[in-house]
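K.L.:
The structure is given below, and queries will be raised subsequently.
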Amino acid sequence: MLLKSVEYVRPGSVDEALHLLRSNAGAAPLAGGQSLSNILKHRVASVDVLVDISSLDELREIQRRPDGSIEVGACVTYDELDRSLGVRAGHEIIARVASHIEDSQIRNRGTIGGNCCLSDPTNNLPPLLIALDATMHVRSAGGSRRVPVEEFFKGYFLTALEPGELLTSVEIPALPAGARAGYASLNVAADSKAIVRSAARVKVNEVIEEARVVLARVAPVPIRHRGMEEALVGAAPTAESVRAAADTIGEDLEPVADSHGSSEYRRQMARVVARRAVLEAIGQGGGM
Amino acid sequence: MTEPSTTHAIEVTINGKIYHREVEARQLLVHFIRDTLDLTGTHIGCDTGSCGACSVILNGKLVKSCMLLAPQADGAVIDTVEGLAADGELAPLQESFAAHHGLQCGYCTPGMLMSATYLLRENPTPTAEEVRRGIKGNLCRCTGYVNIVRSILAVAEANRARLTGTSAEGGQQ
């Protein structure tokens with residue numbers, strides 16, 4: 001397939017990349033390219049200059065800090081997340097979720113930054129990063145800022161990034177003492193597009209003390225379901241109370257309908273995946 | 001490559017041979033391999049990253065060559081299906097595909113062979129489940145995959161026999 005004529009540049013540093021993004025109207029960063037290539041082929045977005053950031057060492061590091069938090073460079077691939085001992089040490093669930101993204105070829109190229117910046121509602125990592133309370137590190141030629149993950153996803157294919165800004169890394173805090181995470185997804189086929197999915201982080205100290213329950217594919221961006229979270233807090237960590245809490249998911253959601261499921265089907269299945277994600281997070285099975 | 005340009009001079013090593021070419025920035029790697037270098041073993045199926053027929057191994061990693069631009073491969077070392085046979089002898093995997101009817105029309109075979117080659121490099125003794133996951137990115141519309149999985153498992157079995165015969169750690173993952 002022949003693409004529209006485009007300029008390509010491989011900067012030697014993040015600073016250089018940021019300068020190129022600022023000084024070229026129509027410039028876009030190119031990381032793993034597993035979505036952008038198709039966007040260029042279908043000419044649904046017009047890009048004049050591709051700034052290839054995929055091999056910048058500064059964006060490819062995974063740092064594990066003494067407090068157990070990790071900072072993952074935006075151009076770390078899914079395969080690297082899966083293999084990273086630093087990730088597996090305290091955030092095994094990230095490695096697991098990354099290892100189930102599509103196929104080997106895509107996992108070898110696709111990046112955590114791309115998965116977030118595309119803001120495709122079917123993407124795997126955004127709901128998990130919201131459940132884990134991540135912070136997005138953003139830089140531009142003019143400075144840097146930190147964006148709480150819940151403020152990062154703005155809509156279908158829309159993020160909080162301004163023109164000229166680059167997501168450089170994602171910081172994920174250690175799980176609080178007594179907390180665990182869970183993730184469950186109903187997919188069209190194995191390791192493929194999600195019909196609906198859920199991620200959760202739940203802290204238990206005899207009773208459930210804190211709960212973050214995220215639903216994806218029921219709204220333009222992944223959302224926390226406050227009703228279910230509130231129903232969980234104070235409840236015993238049992239299958240019965242998780243089921244009762246999941247039943248708060250209902251008419252408040254207006255999920256999209258498509259060939260893979262009606263709005264009502266997604267609403268029903270949201271209850272199921274949320275229950276499974278929370279059950280995993282309280283150590284009662286479930287997951288995926 | 002530090003200045004934006006619609007053309008770039010690139011150097012790529014494919015199957016051990018170094019190629020220097022001037023490429024358009026918009027050229028897909030698969031077209032560079034097939035049209036510019038005339039290495040037509042790598043196939044184009046869907047052109048959208050769905051079918052895996054264009055799979056090659058780039059710097060040791062399996063990728064779909066329709067999902068990269070040619071200039072992104074500057075400096076890369078690439079293995080394509082043409083590099084599997086050596087000295088006129090088919091690779092064991094290729095022999096196994098022939099022996100176990102792992103292909104019918106053959107269109108997906110180059111990509112399937114590269115995915116299987118990558119899988120067996122990463123894990124010489126995969127289980128059937130691991131083989132199925134390993135070729136998840138490659139579509140075959142003829143075989144129903146059963147004989148493809150069988151072909152790959154036969155090589156895995158030979159690897160297992162060889163490893164258990166020569167190494168104390170043989171067969172372990």
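A note on labels: chains of the structure tokens are A, B, ... as shown, every chain counts residues from 1, and ligands are counted from 1 in their shown order.
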Can you work out which residues from chain B touch chain A at a cut-off of 10 Å (counting only C-alpha atoms) and hand them back as a PyMOL selection string?

P.N.:
chain B and resi 1-8+24-28+30-31+44+46-50+52+55-58+60-69+71-72+115+118-119+133-138

K.L.:
May I have the residues within 9 Å of Leu84 (chain B) as a PDB file with all heavy atoms, in the first residue's frame, using only C-alpha atoms and disregarding those fewer than 4 positions away in the same chain?

P.N.:
```pdb
ATOM      1  N   ASN B  15      19.429 -11.603   5.829  1.00  0.00           N
ATOM      2  CA  ASN B  15      19.975 -12.962   5.676  1.00  0.00           C
ATOM      3  C   ASN B  15      21.501 -12.916   5.499  1.00  0.00           C
ATOM      4  O   ASN B  15      22.063 -13.628   4.674  1.00  0.00           O
ATOM      5  CB  ASN B  15      19.304 -13.689   4.511  1.00  0.00           C
ATOM      6  CG  ASN B  15      17.795 -13.722   4.675  1.00  0.00           C
ATOM      7  OD1 ASN B  15      17.284 -13.827   5.790  1.00  0.00           O
ATOM      8  ND2 ASN B  15      17.076 -13.607   3.575  1.00  0.00           N
ATOM      9  N   ASP B  79      15.941 -11.274   9.265  1.00  0.00           N
ATOM     10  CA  ASP B  79      15.879 -12.627   8.696  1.00  0.00           C
ATOM     11  C   ASP B  79      14.551 -12.765   7.965  1.00  0.00           C
ATOM     12  O   ASP B  79      13.497 -12.463   8.539  1.00  0.00           O
ATOM     13  CB  ASP B  79      15.916 -13.703   9.799  1.00  0.00           C
ATOM     14  CG  ASP B  79      17.138 -13.573  10.688  1.00  0.00           C
ATOM     15  OD1 ASP B  79      18.210 -13.254  10.164  1.00  0.00           O
ATOM     16  OD2 ASP B  79      17.005 -13.795  11.907  1.00  0.00           O
ATOM     17  N   THR B  80      14.615 -13.236   6.720  1.00  0.00           N
ATOM     18  CA  THR B  80      13.379 -13.539   5.983  1.00  0.00           C
ATOM     19  C   THR B  80      13.369 -15.031   5.664  1.00  0.00           C
ATOM     20  O   THR B  80      14.354 -15.733   5.904  1.00  0.00           O
ATOM     21  CB  THR B  80      13.295 -12.741   4.662  1.00  0.00           C
ATOM     22  OG1 THR B  80      14.286 -13.245   3.759  1.00  0.00           O
ATOM     23  CG2 THR B  80      13.520 -11.252   4.896  1.00  0.00           C
ATOM     24  N   LEU B  90      16.765 -27.625   3.073  1.00  0.00           N
ATOM     25  CA  LEU B  90      15.693 -26.980   3.821  1.00  0.00           C
ATOM     26  C   LEU B  90      15.983 -27.068   5.318  1.00  0.00           C
ATOM     27  O   LEU B  90      16.599 -28.040   5.782  1.00  0.00           O
ATOM     28  CB  LEU B  90      14.352 -27.651   3.520  1.00  0.00           C
ATOM     29  CG  LEU B  90      13.775 -27.472   2.109  1.00  0.00           C
ATOM     30  CD1 LEU B  90      12.457 -28.228   2.002  1.00  0.00           C
ATOM     31  CD2 LEU B  90      13.567 -26.000   1.784  1.00  0.00           C
ATOM     32  N   ALA B  91      15.514 -26.061   6.061  1.00  0.00           N
ATOM     33  CA  ALA B  91      15.630 -26.101   7.523  1.00  0.00           C
ATOM     34  C   ALA B  91      14.707 -27.198   8.053  1.00  0.00           C
ATOM     35  O   ALA B  91      13.706 -27.533   7.401  1.00  0.00           O
ATOM     36  CB  ALA B  91      15.241 -24.748   8.108  1.00  0.00           C
ATOM     37  N   LEU B  93      12.412 -27.116  10.141  1.00  0.00           N
ATOM     38  CA  LEU B  93      11.032 -26.635  10.201  1.00  0.00           C
ATOM     39  C   LEU B  93      10.372 -26.728   8.823  1.00  0.00           C
ATOM     40  O   LEU B  93       9.206 -27.129   8.700  1.00  0.00           O
ATOM     41  CB  LEU B  93      11.047 -25.193  10.712  1.00  0.00           C
ATOM     42  CG  LEU B  93       9.790 -24.583  11.291  1.00  0.00           C
ATOM     43  CD1 LEU B  93       9.187 -25.453  12.395  1.00  0.00           C
ATOM     44  CD2 LEU B  93      10.123 -23.208  11.868  1.00  0.00           C
ATOM     45  N   GLN B  94      11.108 -26.359   7.793  1.00  0.00           N
ATOM     46  CA  GLN B  94      10.555 -26.438   6.433  1.00  0.00           C
ATOM     47  C   GLN B  94      10.293 -27.897   6.049  1.00  0.00           C
ATOM     48  O   GLN B  94       9.248 -28.222   5.471  1.00  0.00           O
ATOM     49  CB  GLN B  94      11.522 -25.782   5.438  1.00  0.00           C
ATOM     50  CG  GLN B  94      11.620 -24.268   5.616  1.00  0.00           C
ATOM     51  CD  GLN B  94      12.741 -23.663   4.788  1.00  0.00           C
ATOM     52  OE1 GLN B  94      13.897 -24.075   4.898  1.00  0.00           O
ATOM     53  NE2 GLN B  94      12.408 -22.691   3.954  1.00  0.00           N
ATOM     54  N   LEU B 113       6.311 -19.770   8.839  1.00  0.00           N
ATOM     55  CA  LEU B 113       7.654 -20.305   9.123  1.00  0.00           C
ATOM     56  C   LEU B 113       8.472 -19.329   9.968  1.00  0.00           C
ATOM     57  O   LEU B 113       9.213 -19.744  10.863  1.00  0.00           O
ATOM     58  CB  LEU B 113       8.394 -20.600   7.810  1.00  0.00           C
ATOM     59  CG  LEU B 113       7.945 -21.859   7.059  1.00  0.00           C
ATOM     60  CD1 LEU B 113       8.531 -21.876   5.646  1.00  0.00           C
ATOM     61  CD2 LEU B 113       8.375 -23.118   7.827  1.00  0.00           C
ATOM     62  N   MET B 114       8.333 -18.038   9.701  1.00  0.00           N
ATOM     63  CA  MET B 114       9.116 -17.068  10.477  1.00  0.00           C
ATOM     64  C   MET B 114       8.599 -16.984  11.918  1.00  0.00           C
ATOM     65  O   MET B 114       9.382 -16.891  12.862  1.00  0.00           O
ATOM     66  CB  MET B 114       9.088 -15.675   9.822  1.00  0.00           C
ATOM     67  CG  MET B 114       9.727 -15.607   8.440  1.00  0.00           C
ATOM     68  SD  MET B 114      11.282 -16.522   8.278  1.00  0.00           S
ATOM     69  CE  MET B 114      12.392 -15.524   9.252  1.00  0.00           C
ATOM     70  N   THR B 117       9.842 -20.091  13.547  1.00  0.00           N
ATOM     71  CA  THR B 117      11.290 -19.981  13.778  1.00  0.00           C
ATOM     72  C   THR B 117      11.558 -19.140  15.016  1.00  0.00           C
ATOM     73  O   THR B 117      12.365 -19.504  15.880  1.00  0.00           O
ATOM     74  CB  THR B 117      11.968 -19.338  12.541  1.00  0.00           C
ATOM     75  OG1 THR B 117      11.751 -20.190  11.426  1.00  0.00           O
ATOM     76  CG2 THR B 117      13.464 -19.142  12.767  1.00  0.00           C
TER      77      THR B 117
END
```

K.L.:
Would you compute the distance between CA of Asp133 (chain A) and CA of Thr111 (chain A)? Give it in Å to one decimal.

P.N.:
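If I compute the distance from CA of Asp133 (chain A) to CA of Thr111 (chain A), I get 19.1 Å.
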
K.L.:
Write out as a PyMOL selection string which residues come within 9 Å of Pro92 (chain B) when counting only C-alpha atoms, dropping same-chain ones fewer than 5 positions away.

P.N.:
chain B and resi 85+97+155

K.L.:
Based on DSSP run over this structure's backbone, return all residues of region 36-164 of chain B in strand (DSSP E or B), as a PyMOL selection string.

P.N.:
chain B and resi 55-58+61-64+69+77-79+86+89

K.L.:
Those residues you just picked out, can you put them in a file as a PDB file, in the first residue's frame with C-alpha atoms?

P.N.:
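And here is the file that came out, out.pdb:
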```pdb
ATOM      1  CA  SER B  55       6.342 -11.578   9.210  1.00  0.00           C
ATOM      2  CA  VAL B  56      10.110 -11.271   9.365  1.00  0.00           C
ATOM      3  CA  ILE B  57      12.572 -11.325  12.254  1.00  0.00           C
ATOM      4  CA  LEU B  58      14.057  -7.857  12.817  1.00  0.00           C
ATOM      5  CA  LYS B  61      12.219  -9.884  17.184  1.00  0.00           C
ATOM      6  CA  LEU B  62       9.312 -11.172  15.114  1.00  0.00           C
ATOM      7  CA  VAL B  63       7.521  -8.269  13.408  1.00  0.00           C
ATOM      8  CA  LYS B  64       4.993  -7.713  10.649  1.00  0.00           C
ATOM      9  CA  LEU B  69       8.390   1.979   7.322  1.00  0.00           C
ATOM     10  CA  VAL B  77      19.512  -7.125  10.891  1.00  0.00           C
ATOM     11  CA  ILE B  78      16.592  -8.961   9.302  1.00  0.00           C
ATOM     12  CA  ASP B  79      15.879 -12.627   8.696  1.00  0.00           C
ATOM     13  CA  ALA B  86      21.213 -23.306   4.066  1.00  0.00           C
ATOM     14  CA  GLU B  89      19.070 -27.891   2.395  1.00  0.00           C
TER      15      GLU B  89
END
```
